[in-house]
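Participant: Sending over my_file-v1.csv (CSV, C-alpha atoms).
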```csv
chain,number,residue,atom,x,y,z
A,1,MET,CA,-161.7,69.1,-10.2
A,2,ASP,CA,-162.6,72.7,-11.0
A,3,ILE,CA,-166.4,72.2,-11.1
A,4,LEU,CA,-166.3,71.0,-7.5
A,5,ASN,CA,-164.1,73.7,-6.1
A,6,ILE,CA,-165.8,75.7,-3.3
A,7,ASN,CA,-164.6,79.0,-1.9
A,8,PHE,CA,-164.7,78.1,1.8
A,9,ASN,CA,-163.4,81.5,2.9
A,10,SER,CA,-166.8,82.9,2.0
A,11,LEU,CA,-168.4,80.3,4.3
A,12,LEU,CA,-166.3,81.0,7.3
A,13,PRO,CA,-168.7,83.5,8.9
A,14,TYR,CA,-171.3,80.7,9.0
A,15,VAL,CA,-168.8,78.3,10.6
A,16,ILE,CA,-167.9,80.9,13.2
A,17,ASP,CA,-171.6,81.4,14.0
A,18,ALA,CA,-172.2,77.7,14.4
A,19,PHE,CA,-169.2,77.2,16.8
A,20,SER,CA,-170.2,80.3,18.8
A,21,LEU,CA,-173.7,78.9,19.1
A,22,VAL,CA,-172.4,75.7,20.5
A,23,TYR,CA,-169.6,77.0,22.8
A,24,GLY,CA,-171.0,80.4,23.7
A,25,GLU,CA,-170.9,84.0,22.3
A,26,GLU,CA,-168.2,84.9,24.9
A,27,TYR,CA,-165.8,82.7,23.0
A,28,ARG,CA,-166.6,84.2,19.5
A,29,SER,CA,-163.4,86.2,19.2
A,30,ILE,CA,-161.2,83.2,20.1
A,31,ILE,CA,-163.2,80.9,17.8
A,32,SER,CA,-163.0,83.5,15.0
A,33,LYS,CA,-159.2,83.8,15.4
A,34,LYS,CA,-158.7,80.1,15.4
A,35,ILE,CA,-160.9,79.4,12.4
A,36,LYS,CA,-159.5,82.3,10.3
A,37,ASN,CA,-156.0,81.1,11.0
A,38,ALA,CA,-156.8,77.5,10.3
A,39,VAL,CA,-155.7,75.7,7.1
A,40,ILE,CA,-158.8,74.5,5.2
A,41,ILE,CA,-158.6,71.1,3.5
A,42,SER,CA,-161.5,70.3,1.3
A,43,TYR,CA,-161.7,66.9,-0.4
A,44,HIS,CA,-164.1,64.9,-2.5
A,45,ASP,CA,-166.2,62.0,-1.2
A,46,VAL,CA,-166.6,60.1,-4.4
A,47,GLU,CA,-169.1,57.6,-3.0
A,48,GLY,CA,-171.1,60.5,-1.5
A,49,LEU,CA,-171.1,62.3,-4.8
A,50,GLU,CA,-172.3,59.3,-6.6
A,51,ASP,CA,-175.1,58.7,-4.2
A,52,TYR,CA,-176.1,62.4,-4.4
A,53,VAL,CA,-176.1,62.4,-8.2
A,54,SER,CA,-178.4,59.4,-8.1
A,55,TYR,CA,-180.6,61.1,-5.5
A,56,LEU,CA,-180.9,64.2,-7.7
A,57,LYS,CA,-181.9,62.1,-10.7
A,58,ARG,CA,-184.6,60.3,-8.6
A,59,CYS,CA,-186.1,63.6,-7.4
A,60,LYS,CA,-186.0,65.1,-10.9
A,61,THR,CA,-187.6,61.9,-12.4
A,62,ARG,CA,-190.5,62.2,-10.0
A,63,GLU,CA,-190.9,65.9,-10.8
A,64,PHE,CA,-191.1,65.3,-14.6
A,65,SER,CA,-193.3,62.3,-14.1
A,66,ILE,CA,-195.9,64.4,-12.3
A,67,ARG,CA,-195.6,67.1,-15.0
A,68,PHE,CA,-196.2,64.5,-17.7
A,69,LEU,CA,-199.4,63.2,-16.0
A,70,GLU,CA,-200.6,66.7,-15.6
A,71,GLU,CA,-200.0,67.6,-19.2
A,72,ILE,CA,-201.9,64.6,-20.5
A,73,GLY,CA,-204.9,65.5,-18.4
A,74,ILE,CA,-204.6,63.5,-15.2
A,75,ASP,CA,-205.5,65.3,-11.9
A,76,VAL,CA,-202.3,65.3,-9.9
A,77,GLN,CA,-202.9,68.4,-7.9
A,78,LYS,CA,-202.6,66.6,-4.5
A,79,HIS,CA,-199.4,64.9,-5.6
A,80,LYS,CA,-197.5,68.1,-6.7
A,81,LYS,CA,-194.8,69.1,-4.3
A,82,ARG,CA,-192.3,71.9,-3.8
A,83,ASN,CA,-189.7,69.3,-4.1
A,84,TYR,CA,-189.7,65.5,-4.8
A,85,THR,CA,-187.4,64.1,-2.2
A,86,LYS,CA,-189.8,61.4,-1.1
A,87,PRO,CA,-191.2,58.5,-3.3
A,88,LEU,CA,-194.4,59.1,-5.1
A,89,ASP,CA,-197.7,57.5,-3.8
A,90,ASN,CA,-198.4,54.0,-5.0
A,91,ASP,CA,-201.5,54.9,-6.9
A,92,ILE,CA,-199.5,57.4,-9.0
A,93,LYS,CA,-196.7,54.9,-9.5
A,94,GLU,CA,-199.1,52.4,-10.8
A,95,ILE,CA,-200.4,54.8,-13.4
A,96,LEU,CA,-196.9,55.8,-14.4
A,97,ASP,CA,-195.8,52.1,-14.7
A,98,CYS,CA,-198.6,51.7,-17.3
A,99,LEU,CA,-197.6,54.7,-19.3
A,100,ILE,CA,-193.8,55.5,-19.0
A,101,ASP,CA,-192.5,53.5,-16.0
A,102,ALA,CA,-192.3,55.1,-12.6
A,103,THR,CA,-188.6,54.5,-12.2
A,104,PHE,CA,-187.0,54.8,-15.6
A,105,GLY,CA,-189.5,56.8,-17.6
A,106,PHE,CA,-187.2,59.9,-17.4
A,107,SER,CA,-183.8,58.4,-17.6
A,108,GLU,CA,-181.2,57.2,-20.1
A,109,TYR,CA,-183.1,53.8,-20.1
A,110,ALA,CA,-186.5,55.3,-21.3
A,111,ASP,CA,-186.5,53.3,-24.5
A,112,LEU,CA,-186.1,50.1,-22.7
A,113,PHE,CA,-188.7,50.6,-20.0
A,114,SER,CA,-191.4,53.0,-21.1
A,115,PRO,CA,-194.6,51.3,-22.4
A,116,ILE,CA,-195.4,54.4,-24.4
A,117,ARG,CA,-192.3,53.9,-26.5
A,118,ALA,CA,-193.0,50.3,-27.3
A,119,PHE,CA,-194.9,51.2,-30.4
A,120,ASP,CA,-191.9,53.1,-31.9
A,121,ILE,CA,-189.4,50.3,-31.4
A,122,ASN,CA,-189.1,47.4,-33.9
A,123,LYS,CA,-186.7,44.8,-32.7
A,124,LYS,CA,-187.5,41.1,-33.2
A,125,ASN,CA,-185.4,40.0,-30.3
A,126,LEU,CA,-187.5,42.2,-28.0
A,127,HIS,CA,-190.9,41.2,-29.5
A,128,GLU,CA,-192.3,39.6,-26.3
A,129,VAL,CA,-191.1,42.4,-24.0
A,130,LEU,CA,-192.5,45.1,-26.3
A,131,LEU,CA,-195.8,43.2,-26.7
A,132,GLY,CA,-196.1,43.1,-22.9
A,133,LYS,CA,-195.6,46.9,-22.7
A,134,LYS,CA,-198.1,47.5,-25.5
A,135,ILE,CA,-200.7,45.4,-23.7
A,136,LYS,CA,-200.0,47.2,-20.4
A,137,ILE,CA,-200.7,50.7,-21.8
A,138,ILE,CA,-203.7,49.6,-23.9
A,139,ASN,CA,-205.4,47.9,-20.9
A,140,TYR,CA,-204.8,51.0,-18.8
A,141,LEU,CA,-206.4,53.2,-21.4
A,142,LEU,CA,-209.3,50.8,-21.9
A,143,GLY,CA,-210.0,50.7,-18.2
A,144,ASN,CA,-211.1,47.8,-16.0
A,145,GLU,CA,-214.6,47.9,-17.4
A,146,SER,CA,-213.5,46.7,-20.8
A,147,GLU,CA,-212.3,43.2,-21.9
A,148,GLN,CA,-208.6,43.0,-21.2
A,149,ILE,CA,-206.1,42.5,-24.0
A,150,THR,CA,-203.8,39.5,-23.8
A,151,ALA,CA,-201.0,38.2,-26.0
A,152,GLU,CA,-203.5,35.8,-27.5
A,153,ASN,CA,-206.0,38.4,-28.7
A,154,PHE,CA,-203.7,41.3,-29.3
A,155,ASP,CA,-203.3,40.8,-33.1
A,156,SER,CA,-207.0,40.7,-33.6
A,157,PHE,CA,-207.6,43.7,-31.5
A,158,ALA,CA,-204.9,45.6,-33.4
A,159,LYS,CA,-207.2,45.4,-36.5
A,160,THR,CA,-210.0,47.2,-34.8
A,161,LYS,CA,-211.1,50.9,-35.0
A,162,GLU,CA,-210.8,51.1,-31.2
A,163,PHE,CA,-207.1,50.2,-31.4
A,164,SER,CA,-206.6,52.9,-34.0
A,165,GLU,CA,-208.2,55.5,-31.8
A,166,LEU,CA,-206.1,54.4,-28.8
A,167,LEU,CA,-202.9,54.5,-31.0
A,168,LYS,CA,-203.7,58.1,-31.9
A,169,LYS,CA,-204.1,58.9,-28.2
A,170,ILE,CA,-200.8,57.2,-27.4
A,171,ASN,CA,-199.1,59.2,-30.2
A,172,ASP,CA,-200.5,62.4,-28.7
A,173,PHE,CA,-199.1,61.4,-25.3
A,174,ASN,CA,-195.8,60.6,-26.9
A,175,ILE,CA,-195.5,64.1,-28.3
A,176,ILE,CA,-195.8,65.5,-24.8
A,177,TYR,CA,-193.5,62.8,-23.4
A,178,GLU,CA,-190.8,63.5,-26.0
A,179,LYS,CA,-190.9,67.2,-25.2
A,180,LEU,CA,-190.5,66.6,-21.5
A,181,LEU,CA,-187.9,63.9,-22.0
A,182,SER,CA,-185.8,66.3,-24.1
A,183,GLU,CA,-186.1,68.8,-21.3
A,184,TYR,CA,-185.1,66.2,-18.7
A,185,ASN,CA,-182.1,65.1,-20.8
A,186,ASP,CA,-180.9,68.7,-21.0
A,187,TRP,CA,-181.1,69.0,-17.2
A,188,GLU,CA,-179.3,65.6,-16.8
A,189,ASN,CA,-176.5,66.7,-19.2
A,190,GLN,CA,-175.2,69.2,-16.6
A,191,LEU,CA,-174.4,66.2,-14.4
A,192,LEU,CA,-172.1,64.7,-17.0
A,193,PRO,CA,-168.9,66.4,-15.7
A,194,TYR,CA,-169.6,65.1,-12.2
A,195,GLU,CA,-170.3,61.6,-13.4
A,196,LYS,CA,-167.2,61.6,-15.6
A,197,TYR,CA,-165.1,62.5,-12.5
A,198,ILE,CA,-166.8,59.8,-10.4
A,199,LYS,CA,-166.2,57.1,-13.1
A,200,GLU,CA,-162.5,58.2,-13.5
A,201,GLU,CA,-162.0,57.9,-9.7
A,202,GLN,CA,-163.8,54.6,-9.5
A,203,LYS,CA,-161.6,53.2,-12.3
A,204,ARG,CA,-158.5,54.5,-10.7
A,205,LYS,CA,-159.4,53.0,-7.4
A,206,GLY,CA,-160.4,49.7,-9.2
A,207,ASP,CA,-157.1,49.5,-11.0
A,208,ILE,CA,-155.2,49.9,-7.8
A,209,LEU,CA,-157.3,47.3,-6.0
A,210,GLN,CA,-156.8,44.9,-8.9
A,211,LYS,CA,-153.0,45.4,-8.8
A,212,LYS,CA,-153.0,44.6,-5.1
A,213,LYS,CA,-155.2,41.6,-5.7
A,214,ASN,CA,-152.6,40.3,-8.3
A,215,GLU,CA,-149.9,40.9,-5.7
A,216,LEU,CA,-151.9,39.0,-3.1
A,217,PHE,CA,-152.4,36.0,-5.4
A,218,ARG,CA,-148.7,35.8,-6.2
A,219,GLU,CA,-147.9,35.8,-2.4
A,220,VAL,CA,-150.4,33.1,-1.5
A,221,PHE,CA,-149.9,30.8,-4.5
A,222,ASN,CA,-146.9,29.0,-3.1
A,223,GLN,CA,-148.8,28.4,0.1
A,224,LEU,CA,-151.6,26.4,-1.7
A,225,PRO,CA,-151.6,22.6,-1.4
A,226,SER,CA,-149.7,21.0,-4.3
A,227,PHE,CA,-152.8,19.3,-5.7
A,228,VAL,CA,-154.6,22.6,-5.8
A,229,LYS,CA,-151.6,24.3,-7.6
A,230,ASP,CA,-151.4,21.4,-10.0
A,231,SER,CA,-155.1,21.6,-10.9
A,232,ILE,CA,-154.8,25.4,-11.8
A,233,SER,CA,-151.2,25.8,-12.9
A,234,ASN,CA,-152.0,25.2,-16.6
A,235,LYS,CA,-154.7,27.9,-16.6
A,236,PRO,CA,-154.2,31.6,-17.6
A,237,PHE,CA,-153.2,33.9,-14.7
A,238,GLU,CA,-156.6,35.7,-14.6
A,239,GLU,CA,-158.4,32.4,-14.3
A,240,GLN,CA,-156.1,31.2,-11.5
A,241,LEU,CA,-156.8,34.4,-9.7
A,242,LYS,CA,-160.6,34.0,-10.0
A,243,ILE,CA,-160.4,30.4,-8.8
A,244,ILE,CA,-158.5,31.2,-5.6
A,245,LEU,CA,-159.6,34.8,-4.8
A,246,GLY,CA,-163.0,35.0,-6.6
A,247,THR,CA,-164.2,37.8,-8.9
A,248,MET,CA,-164.7,40.6,-6.3
A,249,ASP,CA,-162.1,43.1,-5.1
A,250,ILE,CA,-160.1,42.5,-2.0
A,251,SER,CA,-162.3,44.6,0.2
A,252,LEU,CA,-164.8,41.6,0.2
A,253,LYS,CA,-164.5,38.1,1.4
A,254,SER,CA,-163.1,35.7,-1.3
A,255,ASP,CA,-164.6,32.3,-2.1
A,256,ILE,CA,-161.9,30.5,-0.4
A,257,GLU,CA,-162.5,32.3,2.9
A,258,PHE,CA,-166.0,30.9,3.1
A,259,PHE,CA,-164.4,27.6,4.2
A,260,HIS,CA,-163.1,29.2,7.4
A,261,TYR,CA,-164.0,27.3,10.7
A,262,GLU,CA,-166.6,30.0,11.6
A,263,GLN,CA,-168.4,29.6,8.3
A,264,MET,CA,-168.4,25.8,8.6
A,265,GLU,CA,-169.9,26.1,12.1
A,266,LYS,CA,-172.7,28.2,10.7
A,267,LEU,CA,-173.5,25.5,8.2
A,268,LYS,CA,-173.8,23.0,11.1
A,269,SER,CA,-175.7,25.3,13.4
A,270,SER,CA,-179.5,24.9,13.8
A,271,GLU,CA,-179.7,28.6,14.8
A,272,VAL,CA,-178.5,29.9,11.4
A,273,ASP,CA,-181.3,30.2,8.8
A,274,LEU,CA,-181.2,28.5,5.4
A,275,LEU,CA,-180.8,31.7,3.5
A,276,ASP,CA,-177.6,32.6,5.3
A,277,LYS,CA,-176.4,29.0,4.8
A,278,SER,CA,-177.2,29.1,1.1
A,279,TRP,CA,-174.9,32.1,0.6
A,280,ILE,CA,-172.0,30.2,2.3
A,281,VAL,CA,-172.7,27.1,0.1
A,282,TYR,CA,-172.9,29.2,-3.0
A,283,ASN,CA,-169.4,30.7,-2.5
A,284,GLN,CA,-167.9,27.4,-1.4
A,285,SER,CA,-169.4,25.5,-4.3
A,286,ASP,CA,-168.3,28.2,-6.7
A,287,TYR,CA,-164.7,27.6,-5.6
A,288,LEU,CA,-165.0,23.9,-5.9
A,289,LYS,CA,-166.5,24.1,-9.4
A,290,LYS,CA,-163.8,26.4,-10.6
A,291,LEU,CA,-161.3,23.7,-9.5
A,292,GLY,CA,-163.1,21.3,-11.8
A,293,ILE,CA,-164.8,19.3,-9.0
A,294,ASN,CA,-168.1,17.7,-10.1
A,295,ILE,CA,-171.0,18.2,-7.7
A,296,PRO,CA,-173.4,15.4,-8.5
A,297,ASP,CA,-176.5,16.9,-6.8
A,298,GLU,CA,-176.9,20.6,-7.7
A,299,ASN,CA,-180.2,20.8,-5.9
A,300,MET,CA,-178.6,20.5,-2.4
A,301,LEU,CA,-176.7,23.7,-3.2
A,302,LYS,CA,-180.0,25.7,-2.9
A,303,CYS,CA,-180.3,24.8,0.8
A,304,ASN,CA,-184.1,24.6,0.6
A,305,SER,CA,-184.1,22.2,3.5
A,306,LYS,CA,-182.1,21.0,6.4
A,307,GLU,CA,-181.6,17.7,4.5
A,308,ASP,CA,-179.9,19.7,1.7
A,309,VAL,CA,-177.4,21.2,4.1
A,310,ILE,CA,-176.7,17.8,5.7
A,311,ASN,CA,-176.2,16.2,2.2
A,312,TYR,CA,-173.8,19.0,1.2
A,313,LEU,CA,-171.7,18.6,4.4
A,314,SER,CA,-171.5,14.9,3.7
A,315,PHE,CA,-170.3,15.7,0.2
A,316,LEU,CA,-167.6,17.9,1.6
A,317,ASN,CA,-166.5,15.2,4.0
A,318,GLN,CA,-165.7,12.7,1.2
A,319,ASP,CA,-162.0,11.9,1.0
A,320,ASP,CA,-161.6,13.0,-2.6
A,321,ILE,CA,-163.3,16.3,-1.9
A,322,LYS,CA,-162.1,17.4,1.5
A,323,LYS,CA,-158.5,17.4,0.4
A,324,TYR,CA,-159.4,20.5,-1.7
A,325,ILE,CA,-160.9,22.3,1.2
A,326,PRO,CA,-158.3,24.9,2.5
A,327,SER,CA,-157.1,24.7,6.1
A,328,ASP,CA,-157.9,27.4,8.6
A,329,GLU,CA,-154.2,28.2,8.8
A,330,LEU,CA,-154.1,28.9,5.0
A,331,ILE,CA,-157.4,30.9,5.1
A,332,SER,CA,-156.1,33.0,8.0
A,333,TYR,CA,-152.8,33.6,6.1
A,334,ILE,CA,-154.8,34.7,3.0
A,335,SER,CA,-157.1,37.0,5.1
A,336,THR,CA,-154.2,38.6,6.9
A,337,ILE,CA,-152.3,39.3,3.7
A,338,LYS,CA,-155.5,40.4,2.0
A,339,GLU,CA,-156.2,42.9,4.7
A,340,LYS,CA,-152.7,44.3,4.4
A,341,LYS,CA,-153.0,44.6,0.6
A,342,TYR,CA,-156.3,46.3,0.9
A,343,GLU,CA,-154.9,48.9,3.3
A,344,GLU,CA,-152.0,49.4,0.9
A,345,ALA,CA,-154.5,49.9,-1.9
A,346,LEU,CA,-156.5,52.5,0.0
A,347,LYS,CA,-153.3,54.4,1.0
A,348,GLU,CA,-152.1,54.5,-2.6
A,349,TYR,CA,-155.5,55.6,-3.9
A,350,TYR,CA,-156.1,58.4,-1.4
A,351,THR,CA,-152.6,59.7,-1.2
A,352,THR,CA,-152.5,60.1,-5.0
A,353,LYS,CA,-155.8,61.9,-5.2
A,354,LYS,CA,-155.5,65.5,-6.3
A,355,ASP,CA,-157.2,66.8,-3.2
A,356,PHE,CA,-154.6,65.0,-1.0
A,357,THR,CA,-151.6,66.3,-3.0
A,358,ASP,CA,-153.1,69.8,-3.0
A,359,ALA,CA,-153.6,69.6,0.8
A,360,ILE,CA,-149.9,68.7,1.4
A,361,LYS,CA,-148.9,71.8,-0.5
A,362,LEU,CA,-150.7,74.0,2.0
A,363,PHE,CA,-148.0,73.5,4.6
A,364,ALA,CA,-144.6,74.9,4.8
A,365,ASN,CA,-143.3,71.7,6.2
A,366,THR,CA,-144.8,68.2,6.2
A,367,SER,CA,-143.9,65.1,8.0
A,368,ILE,CA,-144.9,61.5,7.7
A,369,ASN,CA,-147.0,61.9,10.8
A,370,LEU,CA,-148.9,64.9,9.3
A,371,GLU,CA,-149.4,63.0,6.0
A,372,ASN,CA,-150.8,60.0,7.9
A,373,ILE,CA,-153.2,62.3,9.8
A,374,ILE,CA,-154.5,63.9,6.6
A,375,TYR,CA,-154.7,60.5,4.9
A,376,ASP,CA,-156.7,59.0,7.8
A,377,THR,CA,-159.1,62.0,8.0
A,378,ILE,CA,-159.8,61.9,4.2
A,379,LYS,CA,-160.2,58.1,4.2
A,380,ASN,CA,-162.7,58.2,7.1
A,381,LYS,CA,-164.5,61.2,5.5
A,382,ALA,CA,-164.3,63.2,8.6
A,383,VAL,CA,-165.5,66.8,8.9
A,384,CYS,CA,-163.7,68.4,11.7
A,385,ILE,CA,-161.2,70.9,13.1
A,386,THR,CA,-158.1,69.4,14.6
A,387,GLY,CA,-155.2,70.7,16.6
A,388,ASN,CA,-152.9,68.1,15.0
A,389,GLY,CA,-151.8,70.7,12.5
A,390,GLY,CA,-148.8,71.6,10.5
A,391,THR,CA,-146.9,74.8,10.3
A,392,ASN,CA,-147.4,77.9,8.1
A,393,GLU,CA,-144.8,79.9,6.3
A,394,LYS,CA,-143.8,81.6,9.6
A,395,ASN,CA,-143.2,78.1,11.1
A,396,GLU,CA,-146.3,78.7,13.4
A,397,PHE,CA,-148.5,75.7,14.3
A,398,VAL,CA,-151.9,76.0,12.8
A,399,SER,CA,-155.2,74.1,13.2
A,400,ILE,CA,-156.6,72.2,10.2
A,401,MET,CA,-160.3,72.4,9.2
A,402,TYR,CA,-161.4,69.3,7.1
A,403,TYR,CA,-164.4,69.5,4.9
A,404,THR,CA,-165.7,66.8,2.6
A,405,ILE,CA,-167.5,67.7,-0.7
A,406,SER,CA,-170.3,65.3,-1.3
A,407,ARG,CA,-173.0,67.6,-2.7
A,408,ILE,CA,-173.4,69.6,-5.9
A,409,ASN,CA,-175.7,72.3,-7.2
A,410,ALA,CA,-177.9,71.1,-10.0
```
Can you dump the structure from the file as structure tokens?

Facilitator:
Amino acid sequence: MDILNINFNSLLPYVIDAFSLVYGEEYRSIISKKIKNAVIISYHDVEGLEDYVSYLKRCKTREFSIRFLEEIGIDVQKHKKRNYTKPLDNDIKEILDCLIDATFGFSEYADLFSPIRAFDINKKNLHEVLLGKKIKIINYLLGNESEQITAENFDSFAKTKEFSELLKKINDFNIIYEKLLSEYNDWENQLLPYEKYIKEEQKRKGDILQKKKNELFREVFNQLPSFVKDSISNKPFEEQLKIILGTMDISLKSDIEFFHYEQMEKLKSSEVDLLDKSWIVYNQSDYLKKLGINIPDENMLKCNSKEDVINYLSFLNQDDIKKYIPSDELISYISTIKEKKYEEALKEYYTTKKDFTDAIKLFANTSINLENIIYDTIKNKAVCITGNGGTNEKNEFVSIMYYTISRINA
């Protein structure tokens, strides 16, 4: 990805300085030689990039929010910062929530969340939501001293001169808001290439995980009890897959795995809180429902009390129900194969990434061992220098410097 390429050779003097500071100036010449002869492998941390893009947006949203308040005449001097890496104070957030929304006021979701935009949107299906936003901004502008507007008296208030004056003030605010929102959107547009790359990589990884999930299901299907197979065999493949392995990818626990002995013991234990038990019950009951099993008392699934859990366990122990509960042997088999398929998916994903294939080309000769070392390092997002290197064009062993890219300039 060109926009994320970094010329690391220009950064080597700083790397040498850092290592010399740690190991001692007397070793600078040795460190310098080792580093300058090392093969540099840079690779993209997609999750890190996604988090950083979100972080940049949060910071910029805070900055523009303070600018908006200042431009409409609110004293924000003590809230202005050199940067906006930390959340805004609660008193400022409360004001923003009444005007443009502290979280989404400057974002692609501005129309949905900003009270100030509620007067410009005319959608019948959003009438109650928009009314609530109109009331919020009006009551803020009226102040606590005035009679508060409600859904019941809004229509009558909207006919008053006071409302017309407030509406003019809101329109003036909106002009300022529109100008700043346009400026924010221009800034955010520069992030689009990074977000496009992130989405492409997430989709590619998701497709590989789905392929391996399909393979997993085909392997475990024949191991299912006959009455379970009979109950799902007439359903489409995708539905069978969801019933047995759930809707999440294979990096997470499937519904059927929540019947494992350890999970059942948690349900019986007095030391496990009801919230944790409710999560187990939710996943177990989801599996049973998808099999078409009727659960007569849905309230017990909420696990609001010990009695709910006891009633649920009694329900599972019924002869016509417990035959559908998978054995620990089957669950262990599924978990083992799932773990194997997940590792296969990760290897396929990382070893087909462009930064991995580019890294392999840096060496005169590669071996399975070297490829596995590079794969493990990239997968684990390590930043390091290792002696487990390859050979250069002179067939000399060289060290490898790994560097992950998880930040951008914006």

Participant: Please provide the set of residues having any atom within 12 Å of Gln240 of chain A, restricted to all atoms listed in the file, with same-chain residues fewer than 4 positions apart removed, written as an mmCIF file with C-alpha atoms, in the frame of the given file.

Facilitator:
```cif
data_model
loop_
_atom_site.group_PDB
_atom_site.id
_atom_site.type_symbol
_atom_site.label_atom_id
_atom_site.label_comp_id
_atom_site.auth_asym_id
_atom_site.auth_seq_id
_atom_site.Cartn_x
_atom_site.Cartn_y
_atom_site.Cartn_z
ATOM 1 C CA LYS A 213 -155.200 41.600 -5.700
ATOM 2 C CA ASN A 214 -152.600 40.300 -8.300
ATOM 3 C CA PHE A 217 -152.400 36.000 -5.400
ATOM 4 C CA ARG A 218 -148.700 35.800 -6.200
ATOM 5 C CA VAL A 220 -150.400 33.100 -1.500
ATOM 6 C CA PHE A 221 -149.900 30.800 -4.500
ATOM 7 C CA LEU A 224 -151.600 26.400 -1.700
ATOM 8 C CA VAL A 228 -154.600 22.600 -5.800
ATOM 9 C CA LYS A 229 -151.600 24.300 -7.600
ATOM 10 C CA ASP A 230 -151.400 21.400 -10.000
ATOM 11 C CA SER A 231 -155.100 21.600 -10.900
ATOM 12 C CA ILE A 232 -154.800 25.400 -11.800
ATOM 13 C CA SER A 233 -151.200 25.800 -12.900
ATOM 14 C CA ASN A 234 -152.000 25.200 -16.600
ATOM 15 C CA LYS A 235 -154.700 27.900 -16.600
ATOM 16 C CA PRO A 236 -154.200 31.600 -17.600
ATOM 17 C CA ILE A 244 -158.500 31.200 -5.600
ATOM 18 C CA LEU A 245 -159.600 34.800 -4.800
ATOM 19 C CA GLY A 246 -163.000 35.000 -6.600
ATOM 20 C CA THR A 247 -164.200 37.800 -8.900
ATOM 21 C CA TYR A 287 -164.700 27.600 -5.600
ATOM 22 C CA LYS A 290 -163.800 26.400 -10.600
ATOM 23 C CA LEU A 291 -161.300 23.700 -9.500
#
```

Participant: Can you work out which one of A:Asp89, A:Glu178, A:Glu94, A:Asp207 has the shortest atom-to-atom distance to Ile116 of chain A, counting only C-alpha atoms?

Facilitator: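 Closest to Ile116 of chain A, using only C-alpha atoms: A:Glu178.
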
Participant: Applying 12 Å and all atoms listed in the file, which residues near Leu11 of chain A remain after dropping the ones on its own chain fewer than 6 positions away? List them as a list in words.

Facilitator: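 In the requested format, the answer is Asp17, Ala18, Ile35, Lys36, Ile40 and Tyr403 of chain A.
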
Participant: Since we have the selection now, will you write its residues out, keeping C-alpha atoms, as a CSV table (one decimal), in the frame of the given file?

Facilitator:
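Listed below is the output, result.csv:
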```
chain,number,residue,atom,x,y,z
A,17,ASP,CA,-171.6,81.4,14.0
A,18,ALA,CA,-172.2,77.7,14.4
A,35,ILE,CA,-160.9,79.4,12.4
A,36,LYS,CA,-159.5,82.3,10.3
A,40,ILE,CA,-158.8,74.5,5.2
A,403,TYR,CA,-164.4,69.5,4.9
```

Participant: Residues near Thr150 of chain A, anyone? I mean within 12 Å using all atoms listed in the file, not counting same-chain ones fewer than 3 positions away, as a ChimeraX atom specification.

Facilitator: /A:128,131-139,147,153-158

Participant: Residues around (-163.0, 77.4, 1.3), cut-off 9 Å, counting all atoms listed in the file - what are they as a list in words?

Facilitator: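 Residues close enough to count: Asn5, Ile6, Asn7, Phe8, Asn9, Ser10, Leu11, Leu12, Ile40, Ile41, Ser42 and Tyr403 of chain A.
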
Participant: As an exercise, work out the distance from atom CA of Ile378 of chain A to atom CA of Tyr55 of chain A in Å and give it to one decimal place.

Facilitator: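 Pair atom CA of Ile378 of chain A / atom CA of Tyr55 of chain A returns 23.0 Å.
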
Participant: Measuring between all atoms listed in the file, which one of A:Glu344, A:Asp97, A:Asp358, A:Glu26 shows the shortest distance to Tyr140 of chain A?

Facilitator: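 Ranked by minimum distance to Tyr140 of chain A, first place goes to A:Asp97.
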
Participant: Rounded to one decimal in Å, what is the spacing between atom CA of Ile208 of chain A and atom CA of Tyr349 of chain A?

Facilitator: 6.9 Å

Participant: Just the residues within 12 Å of Glu339 of chain A, please, counting all atoms listed in the file, with nothing from its chain fewer than 5 positions along; format it as a PyMOL selection string.

Facilitator: chain A and resi 209+212-213+216+249-254+332-334+344-346

Participant: Given the choices A:Glu329, A:Asp319, A:Asp286, A:Glu219, which gets closest to Tyr261 of chain A if the distance is worked out from all atoms listed in the file?

Facilitator: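 Going through A:Glu329, A:Asp319, A:Asp286, A:Glu219 one by one, the smallest distance to Tyr261 of chain A is for A:Glu329.
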
Participant: One decimal, in Å: what's the spacing between atom CA of Thr61 of chain A and atom CA of Tyr184 of chain A?

Facilitator: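 Calculated distance between atom CA of Thr61 of chain A and atom CA of Tyr184 of chain A is 8.0 Å.
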
Participant: With all atoms listed in the file as the counted atoms, please give the residues lying no more than 10 Å from Asp101 of chain A, apart from itself and same-chain residues fewer than 2 positions off, as a PyMOL selection string.

Facilitator: chain A and resi 65+93-99+103-106+110+112-116+133

Participant: Using only C-alpha atoms, which of the listed residues (A:Ile170, A:Ile280, A:Val398, A:Ile92) sits closest to Glu70 of chain A?

Facilitator: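 Among the listed residues, A:Ile92 lies closest to Glu70 of chain A.
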
Participant: Counting only C-alpha atoms, I want the residues whose atoms come within 8 Å of (-169.8, 83.8, 16.6) in the file frame, returned as a list in words.

Facilitator: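 Counting only C-alpha atoms, I find these residues within 8 Å of (-169.8, 83.8, 16.6): Pro13, Ile16, Asp17, Ala18, Phe19, Ser20, Leu21, Gly24, Glu25, Tyr27, Arg28, Ser29, Ile31 and Ser32 of chain A.
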
Participant: Just checking: using all atoms listed in the file, which residue out of A:Lys277, A:Lys268, A:Lys33, A:His260 ends up closest to Ile331 of chain A?

Facilitator: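 Counting all atoms listed in the file, the residue closest to Ile331 of chain A is A:His260.
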
Participant: Using only C-alpha atoms, find the one residue out of A:Ile321, A:Ile400, A:Leu301, A:Ile176 that sits nearest to Ile72 of chain A.

Facilitator: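 Ranked by minimum distance to Ile72 of chain A, first place goes to A:Ile176.
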